[in-house]
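Following: one structure in structure tokens, then a few remarks.
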Amino acid sequence: MAGSQKKILLVEDNAELRKLYGMFFEYNHYTVETGVDGDDALVKAKEFKPDIIFLDVMMPKRDGFEVLKMLRHKPEYGCTKAKIIILTNLGDASRISPEIHEDMDAYVIKSEIELSDLLGIIKSLD
Amino acid sequence: MSIRKKLSLLLLVVGLVPTLVVSFVAYIIISNELTDRTVDQLASTAIKQEQKINGLLQTKQEEVVKLSNRFDLQSALGSYLSNKDDANRQAINSILLKKKVEVPDIQAIYLADLEGGIIGTTNGSDPSIRLAPEDYERNNGTETVTYVKEDERDGIIKLYITTKVSVNKQDAGYLNMIFRIDDIIAAIQDYTGLGATGETVVVSKNDSGDAVTLFPLRFDTDAALDVNLNSLSLFEHIGAPYRDVKDYRGESVMVAPRAVGFADWVIATKMDQSEALAPINQLRDTLILIVLILSAATVVIALYLTRFFTDPILRIAQAARLIGEGDLAARVDISRTDEIGALSNSINTMGHNLKALVTDIESQRNQLEIILNSTAESILAIDERGVIRIANQSTAELAQMGLHELIGRNIKDVFAWRHDLQPFAVDYNVDGTKTYFDLQYTNPAGVVHYVKLIVARARNDQDGTLQIIVTIHDETKSRELENMKIDFVSMAAHELRTPLAAIRGYLELITYKGKENITSDVEKYLKQALQSTAELGALINNLLNVTRIERGTLTFHLEKVDLAKEVRLAVEDVKFGAEDKHIDLTYEGPANGELVAADQIALREVITNLISNAVKYTDAGGHVNVNMRDAKDHYTVSVKDTGIGIPEQALPNLFTKFFRAHSGLNSGNPGTGLGLFIAKSIIERHKGTITVQSKEGVGSVFTFTIPKWNDETFAELQAGEQKSESKVRRHRGWVTKEDTSR
């Protein structure tokens, strides 16, 4: 399968969504690692070296935008080239500044997507 | 000028003027009468004196004439002239002497020849005694000459009378008699009828034409023949009394001169003016005294009368002034039954009523104050310049100031308003009532209050002053509640989304992963569940959109949007659902190429919402027609259905939050009542309008307009939005940067 070699880091503080998205990606033959908050995301990114990162915005300890900036600009995490997709709620879209636009590859509004859309995004970024 | 002065003056004028006029006229009449009488009396005295003196002189002249006509004297003179011897002289002398003895007044008699030589005399043989030649020269004719002269020998003034003596009808000599004039002087010095200053003056002209007094004067006994009385001009006023001239003493006198015919003399009686007019002066003094007494009496009466009238008036005025100054208990203590009494009663009644009125007003004011202070709203009354006249407790609390501190200050200094974070100037001088919404006021402690301000301005019809009432309605609390409500809805919606996303995800996962293990029935149920979660998601999104609209945080990403394409695609999106319901959905209008400035997603939401609604409320077999037209500077999109329509009474509230024309339970059509509210908000944010026409049972037409694209419209709309540099195109749900390159 096309995505079998790809590694996805899924950072999401909501356990249900984390489990759901994780199951969905694994079902579609991606290697999945999960993170539960901002700090965890940084640790996992460094260890796991993912190709694709799904990053929630509203998280404990460190929010997604901050994590995005660090991953993108700090080579020590090894993720400067990774595809980073921001998971947002509808209201957070307005908080996306031009700098964030530069750093991220795409964003999704969680309540409005279907699971299959997640695959669509990944494919569109290939 | 006070009434007291005016009244006094009036009384003085009324009282004194007639007195003065009568007195003056009486004085003039009486003084003229008196003067005339005095003058007449003087004149008659003058006549008497003239007759008397004339009589005395005539007697003496007759003596002389009688002797000169005597035959014995004429024959003796003739004898002597023919024979000048002592015997003849003796004869003459004896005749003369005999005459002298006969008439005691005669002091001496002389007979002289025509040359003046003495022929005979009663003075013995003293030849030195003779008449002065001029005494004869005076007699330049046949007449008798009478004059007064001082006897050089004894210094006594005597009367000299000379006449001619004829012998055989030929002038032969002069007869001269010298008389003592005691009788004449006695007559002159008889001052009967001449008072204390009157006298009779006898004058004659001397050789140089001066009027010389012949006899002693009353006040200058040595004046005879010596004092010149020319200044009296006696000879020019004979027979006509005149007055007011100065006499030899320098006194003003009245004079009545008369001529003594044969002697060429003038007799004048005179009297001092001061004496002659004394009664007049006395009368004048009396009159003046009367006038003075009357004046004094008038003044006293005037003072009394004015006092009588003005005193109570002053007291009434004093009471009125006290009442005017606020001492409403002031009364006038006058118990009279006349008009003044009525006036003071009126003042007292007025004071009483005024006090009652003020008490009433005060109690009303207290009530008003209690009402004012018990309202939650801040109420102020200000004047034209904005100075605070009245303020209630609530105002003081809002401004965090004492009431006394507040009153008298300008409202602009106390309340600085802001609107949308900008300073906002309220015009307090606009006529009528004006309401300002959403103003902010930061009190001295830094607490922000959201207020509604009502300025009501009216002109007082009576005095033209302005009455401005400012009401401040503090909406901070209700706004906080509203915000709390929005916060709650927002939070609830947010919290609902994550579990919803999970539910949806799992449902999808089942259909995705376990397809082969489930029956077609279960698959149908799963799809229905997915459909419901999608609807629930849309509902939650609508709730969130509403909270954003309420907070003003709904932001748009404006760009050039092809309206025709959006409408066409929306129609296509809904088409399948319509076909399922057997509804004929059609589109009339251009396929693409009609540009507007809009937020693409928001605009699509509006269009989809209107079409979905139309489909939703139309029964099977009905029609839904979507139409797009070019209308000059804007486009019009209408969605027309043959659905159930909207009740007429529901139309005005159709675009408000949570409003549904039909109860969802009755119609069987679910809905949140938010779609039209959001659609209206979105369209209006794009400077468009949205309207509806509907008839129950026939169908509805929803129409919205949106301005055509041009740079100006775009700039105008953009100015209202927070600037966004976004170049990322959005699709429903997810967005990638690559989209921008499409």
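Ligands are numbered from 1 in the order shown, residues from 1 within each chain, and chains are lettered A, B, ... in the order they appear in the structure tokens.
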
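Residue-level contacts from chain A to chain B at 7 Å, counting only C-alpha atoms, read Glu16, Leu17, Leu20, Phe24, Pro98, Asp105, Ala106, Tyr107, Val108, Ile109, Lys110, Ser111, Glu112, Ile113 and Leu115 of chain A.
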
Neighbour list for Lys44 of chain A as a ChimeraX atom specification, cut-off 12 Å, only C-alpha atoms, skip fewer than 2 positions in-chain = /A:7-11,32-42,46-50,53,67,71,77-79

Limited to C-alpha atoms, could you put the picked residues into a file as an mmCIF file, in the first residue's frame?
```cif
data_model
loop_
_atom_site.group_PDB
_atom_site.id
_atom_site.type_symbol
_atom_site.label_atom_id
_atom_site.label_comp_id
_atom_site.auth_asym_id
_atom_site.auth_seq_id
_atom_site.Cartn_x
_atom_site.Cartn_y
_atom_site.Cartn_z
ATOM 1 C CA LYS A 7 4.866 7.355 9.934
ATOM 2 C CA ILE A 8 2.168 9.517 11.388
ATOM 3 C CA LEU A 9 2.446 11.343 14.702
ATOM 4 C CA LEU A 10 -1.031 12.102 15.971
ATOM 5 C CA VAL A 11 -1.102 14.698 18.731
ATOM 6 C CA VAL A 32 1.016 5.679 14.099
ATOM 7 C CA GLU A 33 2.459 7.234 17.238
ATOM 8 C CA THR A 34 0.334 9.413 19.456
ATOM 9 C CA GLY A 35 1.025 12.375 21.714
ATOM 10 C CA VAL A 36 -1.285 13.657 24.460
ATOM 11 C CA ASP A 37 -0.138 17.243 24.886
ATOM 12 C CA GLY A 38 2.294 19.883 23.567
ATOM 13 C CA ASP A 39 5.333 18.706 25.519
ATOM 14 C CA ASP A 40 4.624 15.080 24.703
ATOM 15 C CA ALA A 41 4.376 16.062 21.025
ATOM 16 C CA LEU A 42 7.921 17.449 21.050
ATOM 17 C CA LYS A 46 12.206 13.737 18.312
ATOM 18 C CA GLU A 47 12.066 9.966 18.976
ATOM 19 C CA PHE A 48 9.684 8.924 16.226
ATOM 20 C CA LYS A 49 10.770 11.156 13.341
ATOM 21 C CA PRO A 50 7.319 11.137 11.706
ATOM 22 C CA ILE A 53 2.124 15.141 11.966
ATOM 23 C CA VAL A 67 4.590 23.195 18.872
ATOM 24 C CA LEU A 71 9.029 21.616 15.033
ATOM 25 C CA TYR A 77 13.376 17.666 16.429
ATOM 26 C CA GLY A 78 14.065 16.440 12.908
ATOM 27 C CA CYS A 79 10.699 17.552 11.665
#
```

query = Among segment 71-123 of chain A, which ones does DSSP place in strand (DSSP E), written as a PyMOL selection string?
reply = chain A and resi 83-88+106-109

How would the residues just picked look written out with N, CA, C and O atoms as a JSON list (two decimals), in the first residue's frame?
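Listing of part.json after writing:
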```
[["chain", "number", "residue", "atom", "x", "y", "z"],
["A", 83, "LYS", "N", 5.30, 16.85, 6.98],
["A", 83, "LYS", "CA", 4.04, 17.49, 6.64],
["A", 83, "LYS", "C", 3.28, 17.68, 7.96],
["A", 83, "LYS", "O", 3.07, 16.70, 8.70],
["A", 84, "ILE", "N", 2.92, 18.91, 8.20],
["A", 84, "ILE", "CA", 2.23, 19.15, 9.47],
["A", 84, "ILE", "C", 0.82, 19.67, 9.17],
["A", 84, "ILE", "O", 0.63, 20.65, 8.44],
["A", 85, "ILE", "N", -0.16, 18.94, 9.70],
["A", 85, "ILE", "CA", -1.56, 19.32, 9.49],
["A", 85, "ILE", "C", -2.15, 19.70, 10.85],
["A", 85, "ILE", "O", -2.05, 18.95, 11.82],
["A", 86, "ILE", "N", -2.72, 20.88, 10.88],
["A", 86, "ILE", "CA", -3.28, 21.38, 12.14],
["A", 86, "ILE", "C", -4.73, 20.91, 12.27],
["A", 86, "ILE", "O", -5.51, 20.99, 11.33],
["A", 87, "LEU", "N", -5.03, 20.37, 13.46],
["A", 87, "LEU", "CA", -6.42, 19.98, 13.77],
["A", 87, "LEU", "C", -7.04, 21.13, 14.56],
["A", 87, "LEU", "O", -6.57, 21.48, 15.64],
["A", 88, "THR", "N", -8.06, 21.71, 13.95],
["A", 88, "THR", "CA", -8.65, 22.86, 14.67],
["A", 88, "THR", "C", -10.11, 22.64, 14.91],
["A", 88, "THR", "O", -10.76, 21.81, 14.28],
["A", 106, "ALA", "N", -1.41, 22.24, 6.06],
["A", 106, "ALA", "CA", -2.86, 22.28, 5.88],
["A", 106, "ALA", "C", -3.51, 22.35, 7.25],
["A", 106, "ALA", "O", -2.84, 22.16, 8.27],
["A", 107, "TYR", "N", -4.79, 22.65, 7.28],
["A", 107, "TYR", "CA", -5.50, 22.52, 8.55],
["A", 107, "TYR", "C", -6.86, 21.92, 8.30],
["A", 107, "TYR", "O", -7.42, 22.05, 7.20],
["A", 108, "VAL", "N", -7.38, 21.25, 9.31],
["A", 108, "VAL", "CA", -8.71, 20.67, 9.19],
["A", 108, "VAL", "C", -9.56, 21.16, 10.33],
["A", 108, "VAL", "O", -9.06, 21.45, 11.42],
["A", 109, "ILE", "N", -10.84, 21.27, 10.04],
["A", 109, "ILE", "CA", -11.77, 21.62, 11.10],
["A", 109, "ILE", "C", -12.42, 20.30, 11.51],
["A", 109, "ILE", "O", -13.14, 19.67, 10.74]]
```

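Restricting the calculation to only C-alpha atoms, the smallest distance between Gln58 of chain B and any of B:Thr144, B:Lys708, B:Thr45, B:Asp463 is found for B:Thr144.
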
request  = For Asp103 of chain A, work out the shell of residues within 8 Å, counting only C-alpha atoms and skipping chain neighbours fewer than 5 positions away, then give it as an MDAnalysis selection string.
outcome  = chainID A and resid 68:69 72

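Of the listed residues B:Leu277, B:Leu595, B:Leu654, B:Ala620, the one whose atoms come nearest to His634 of chain B is B:Leu595, with distances taken using only C-alpha atoms.
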
message = Give me, as a PyMOL selection string, the residues of chain A that a backbone DSSP run labels alpha helix (DSSP H).
response = chain A and resi 15-27+38-48+64-73+98-103+115-125

Could the residues in this selection be written to a file with N, CA and C atoms, as a short mmCIF file (atom, residue, chain, number, x, y, z; two decimals), in the first residue's frame?
```
data_model
loop_
_atom_site.label_atom_id
_atom_site.label_comp_id
_atom_site.auth_asym_id
_atom_site.auth_seq_id
_atom_site.Cartn_x
_atom_site.Cartn_y
_atom_site.Cartn_z
N ALA A 15 -8.88 11.72 24.19
CA ALA A 15 -8.51 10.30 24.06
C ALA A 15 -9.34 9.58 23.01
N GLU A 16 -10.64 9.94 22.94
CA GLU A 16 -11.51 9.27 21.97
C GLU A 16 -11.06 9.54 20.55
N LEU A 17 -10.83 10.80 20.27
CA LEU A 17 -10.41 11.16 18.91
C LEU A 17 -9.05 10.54 18.58
N ARG A 18 -8.16 10.58 19.64
CA ARG A 18 -6.81 10.04 19.44
C ARG A 18 -6.92 8.56 19.04
N LYS A 19 -7.76 7.87 19.80
CA LYS A 19 -7.93 6.43 19.57
C LYS A 19 -8.56 6.21 18.18
N LEU A 20 -9.61 7.00 17.87
CA LEU A 20 -10.33 6.84 16.61
C LEU A 20 -9.42 7.09 15.41
N TYR A 21 -8.77 8.29 15.43
CA TYR A 21 -7.90 8.64 14.31
C TYR A 21 -6.75 7.64 14.19
N GLY A 22 -6.25 7.21 15.38
CA GLY A 22 -5.14 6.25 15.39
C GLY A 22 -5.54 4.94 14.73
N MET A 23 -6.70 4.46 15.16
CA MET A 23 -7.22 3.21 14.58
C MET A 23 -7.39 3.37 13.08
N PHE A 24 -7.95 4.52 12.69
CA PHE A 24 -8.24 4.74 11.27
C PHE A 24 -6.95 4.74 10.43
N PHE A 25 -5.92 5.45 10.97
CA PHE A 25 -4.65 5.50 10.22
C PHE A 25 -4.00 4.11 10.15
N GLU A 26 -4.03 3.38 11.29
CA GLU A 26 -3.44 2.04 11.30
C GLU A 26 -4.17 1.12 10.33
N TYR A 27 -5.48 1.25 10.33
CA TYR A 27 -6.30 0.46 9.40
C TYR A 27 -5.88 0.73 7.97
N GLY A 38 1.26 19.16 24.32
CA GLY A 38 2.29 19.88 23.57
C GLY A 38 3.70 19.36 23.85
N ASP A 39 3.99 19.17 25.15
CA ASP A 39 5.33 18.71 25.52
C ASP A 39 5.58 17.29 25.00
N ASP A 40 4.55 16.46 25.17
CA ASP A 40 4.62 15.08 24.70
C ASP A 40 4.88 15.05 23.19
N ALA A 41 4.23 15.99 22.48
CA ALA A 41 4.38 16.06 21.03
C ALA A 41 5.84 16.25 20.65
N LEU A 42 6.52 17.15 21.36
CA LEU A 42 7.92 17.45 21.05
C LEU A 42 8.80 16.21 21.30
N VAL A 43 8.53 15.54 22.45
CA VAL A 43 9.32 14.35 22.79
C VAL A 43 9.15 13.27 21.72
N LYS A 44 7.85 13.04 21.39
CA LYS A 44 7.54 11.97 20.42
C LYS A 44 8.10 12.31 19.04
N ALA A 45 8.05 13.54 18.66
CA ALA A 45 8.54 13.96 17.35
C ALA A 45 10.03 13.63 17.22
N LYS A 46 10.75 13.94 18.32
CA LYS A 46 12.21 13.74 18.31
C LYS A 46 12.54 12.24 18.20
N GLU A 47 11.78 11.41 18.97
CA GLU A 47 12.07 9.97 18.98
C GLU A 47 11.61 9.30 17.68
N PHE A 48 10.41 9.67 17.25
CA PHE A 48 9.68 8.92 16.23
C PHE A 48 10.02 9.36 14.79
N GLY A 64 -0.86 23.95 20.09
CA GLY A 64 -0.42 23.40 18.81
C GLY A 64 0.39 24.38 17.98
N PHE A 65 0.02 25.66 18.03
CA PHE A 65 0.72 26.65 17.20
C PHE A 65 2.17 26.78 17.64
N GLU A 66 2.36 26.72 18.98
CA GLU A 66 3.72 26.84 19.53
C GLU A 66 4.56 25.62 19.13
N VAL A 67 3.91 24.44 19.25
CA VAL A 67 4.59 23.19 18.87
C VAL A 67 4.97 23.23 17.39
N LEU A 68 4.03 23.73 16.59
CA LEU A 68 4.25 23.83 15.14
C LEU A 68 5.50 24.66 14.85
N LYS A 69 5.59 25.79 15.52
CA LYS A 69 6.70 26.71 15.28
C LYS A 69 8.04 26.03 15.64
N MET A 70 8.05 25.33 16.78
CA MET A 70 9.28 24.70 17.23
C MET A 70 9.71 23.56 16.30
N LEU A 71 8.72 22.75 15.92
CA LEU A 71 9.03 21.62 15.03
C LEU A 71 9.57 22.10 13.70
N ARG A 72 8.95 23.17 13.22
CA ARG A 72 9.30 23.66 11.89
C ARG A 72 10.68 24.34 11.90
N HIS A 73 11.00 25.06 12.96
CA HIS A 73 12.21 25.89 12.94
C HIS A 73 13.37 25.33 13.76
N PRO A 98 -0.59 34.73 9.52
CA PRO A 98 0.19 34.45 8.31
C PRO A 98 1.44 33.60 8.60
N GLU A 99 2.06 33.81 9.76
CA GLU A 99 3.26 33.04 10.11
C GLU A 99 2.90 31.55 10.24
N ILE A 100 1.75 31.32 10.87
CA ILE A 100 1.31 29.93 11.04
C ILE A 100 1.00 29.30 9.68
N HIS A 101 0.40 30.13 8.81
CA HIS A 101 0.13 29.64 7.46
C HIS A 101 1.39 29.19 6.77
N GLU A 102 2.47 29.96 6.99
CA GLU A 102 3.75 29.62 6.38
C GLU A 102 4.27 28.28 6.89
N ASP A 103 4.08 28.10 8.21
CA ASP A 103 4.68 26.92 8.84
C ASP A 103 3.90 25.63 8.58
N LEU A 115 -13.84 10.95 8.14
CA LEU A 115 -12.55 10.25 8.30
C LEU A 115 -11.80 10.14 6.98
N SER A 116 -12.58 9.87 5.93
CA SER A 116 -11.92 9.69 4.63
C SER A 116 -11.21 10.96 4.18
N ASP A 117 -11.72 12.14 4.68
CA ASP A 117 -11.05 13.40 4.34
C ASP A 117 -9.60 13.42 4.81
N LEU A 118 -9.32 12.73 5.95
CA LEU A 118 -7.95 12.71 6.48
C LEU A 118 -7.01 12.09 5.46
N LEU A 119 -7.48 11.00 4.82
CA LEU A 119 -6.66 10.36 3.79
C LEU A 119 -6.51 11.29 2.59
N GLY A 120 -7.59 11.96 2.27
CA GLY A 120 -7.58 12.90 1.15
C GLY A 120 -6.51 13.96 1.34
N ILE A 121 -6.40 14.48 2.55
CA ILE A 121 -5.40 15.51 2.83
C ILE A 121 -3.99 14.95 2.64
N ILE A 122 -3.77 13.78 3.24
CA ILE A 122 -2.45 13.19 3.15
C ILE A 122 -2.06 12.98 1.68
N LYS A 123 -3.01 12.49 0.93
CA LYS A 123 -2.73 12.25 -0.49
C LYS A 123 -2.46 13.55 -1.22
N SER A 124 -3.22 14.59 -0.85
CA SER A 124 -3.05 15.87 -1.55
C SER A 124 -1.69 16.50 -1.24
N LEU A 125 -1.08 16.09 -0.12
CA LEU A 125 0.22 16.67 0.25
C LEU A 125 1.40 15.89 -0.33
#
```
